[in-house]
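Peer 1: Below are the structure tokens for one structure; questions will follow.
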Amino acid sequence: MAESEKRGDKFTWTYAIWLLPYPAQNYLWWLAPKWDWWIIGLITLALTVIAIAGSICINLARRRWWRVVSLLITPLPWLVIIYIAAVTGITPDSVRFALNKQAYLAEIERTDVPSGEPRFRTFALDSMFKATTSTTLVYDESDEIALPRGEQSTAWQQRTQKLCSEKKECVNLYPGSDWPFSVSKVGEHFYIVYQNFIDAFP
């Protein structure tokens, strides 16, 4: 029995599969946005921790040292993958945009605007860890949204304020405090606005 357990002691990366459901939910949650992904995330994390901790205890009791090392090291590939994805701009929101870009463009084409005025549209991207929206996809044909905060023209400010009051196409770049805020370009005239100022969005 001891000899059989010893033969089963080897280093393996297959334990990394156990961690797959946790990062995957960040890319899949918008397929079913009405689900309570906050609870799903907590359950997934709890089950993952229990499975890994339990396996470590069992392998320690059986003196399977290489398997213990495998369990302790397997999070590293995911950290590297997540870091590389973030550096190259591959995020859950950018993937969602790429998959739905044609639908967004079709919606923008149906937008009526005064002659000569650049089009401006917003699309709410719900956050899986917040009850209200704090992430918004913005189409700004003028690209002024990409300018440093406060450098947008008066015409742009007036135009966006009018759209917000009339059509609820809202984005607020002037929250009046130092709450986290960023604008990331994901396509031609397309930007993702991340902001913890919840009242800035419809």
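Every chain in the structure tokens takes a letter, A first, then B, and so on in the order presented; its residues are numbered from 1, and the ligands are numbered from 1 following the presented order.
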So which bits of chain A end up alpha helix (DSSP H) when you DSSP the backbone, as a VMD selection string?
Peer 2: chain A and resid 2 to 7 16 to 19 21 to 28 37 to 61 65 to 73 75 to 87 92 to 109 154 to 167
Peer 1: Ala98 in chain A: which residues within 9 Å, counting only C-alpha atoms, same-chain residues fewer than 5 positions away excluded, as number ranges by chain?
Peer 2: A: 93, 186-187
Peer 1: Taking only chain A into account, list the residues labelled strand (DSSP E or B) by DSSP (computed from the backbone), as a list in words.
Peer 2: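 Secondary structure check on chain A, strand (DSSP E or B): Phe120, Arg121, Thr122, Phe123, Ala124, Leu125, Thr135, Thr136, Leu137, Val138, Tyr139, Asp140, Phe181, Ser182, Val183, Ser184, Lys185, Val186, Gly187, Phe190, Tyr191, Ile192, Val193, Tyr194 and Gln195 of chain A.
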Peer 1: Restricting the calculation to only C-alpha atoms: of A:Thr122, A:Ser115, A:Thr136, A:Gln152, which residue gets closest to Glu169 in chain A?
Peer 2: A:Thr122
Peer 1: Between A:Tyr22, A:Ser165, A:Phe123, A:Thr14, which one has atoms that come closest to Val49 in chain A, using only C-alpha atoms?
Peer 2: A:Tyr22
Peer 1: Could you tell me how far CA of Ala32 in chain A sits from CA of Glu166 in chain A, in Å to one decimal place?
Peer 2: 29.7 Å
Peer 1: List as an MDAnalysis selection string the protein and nucleic acid residues near Ile52 in chain A, meaning an atom at most 10 Å away when only C-alpha atoms are counted, but skip any in the same chain fewer than 6 places from it.
Peer 2: chainID A and resid 15 18:19 58 68 71:72
Peer 1: Given the choices A:Gln161, A:Thr48, A:Thr12, A:Thr135, which gets closest to Ser94 in chain A if the distance is worked out from only C-alpha atoms?
Peer 2: A:Thr135
Peer 1: Val113 in chain A: which residues within 12 Å, counting only C-alpha atoms, same-chain residues fewer than 4 positions away excluded, as an MDAnalysis selection string?
Peer 2: chainID A and resid 108:109 117:121 141 159 163 167
Peer 1: Could you tell me how far CA of Leu125 in chain A lies from CA of Ile192 in chain A, in Å and to one decimal?
Peer 2: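 Distance between the two atoms: 8.9 Å.
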Peer 1: What does the distance from CA of Pro21 in chain A to CA of Thr44 in chain A come to in Å, to one decimal?
Peer 2: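 CA of Pro21 in chain A sits 7.2 Å away from CA of Thr44 in chain A.
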Peer 1: Set the distance at 7 Å and use only C-alpha atoms: which residues neighbour Arg64 in chain A once local chain neighbours fewer than 4 positions away are removed? I'd like the list as a PyMOL selection string.
Peer 2: chain A and resi 6+9+59-60+68
Peer 1: With only C-alpha atoms as the atoms that count, which of A:Phe181, A:Trp78, A:Trp35, A:Tyr104 lies nearest to Val138 in chain A?
Peer 2: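 For Val138 in chain A, the nearest of the candidates is A:Tyr104.
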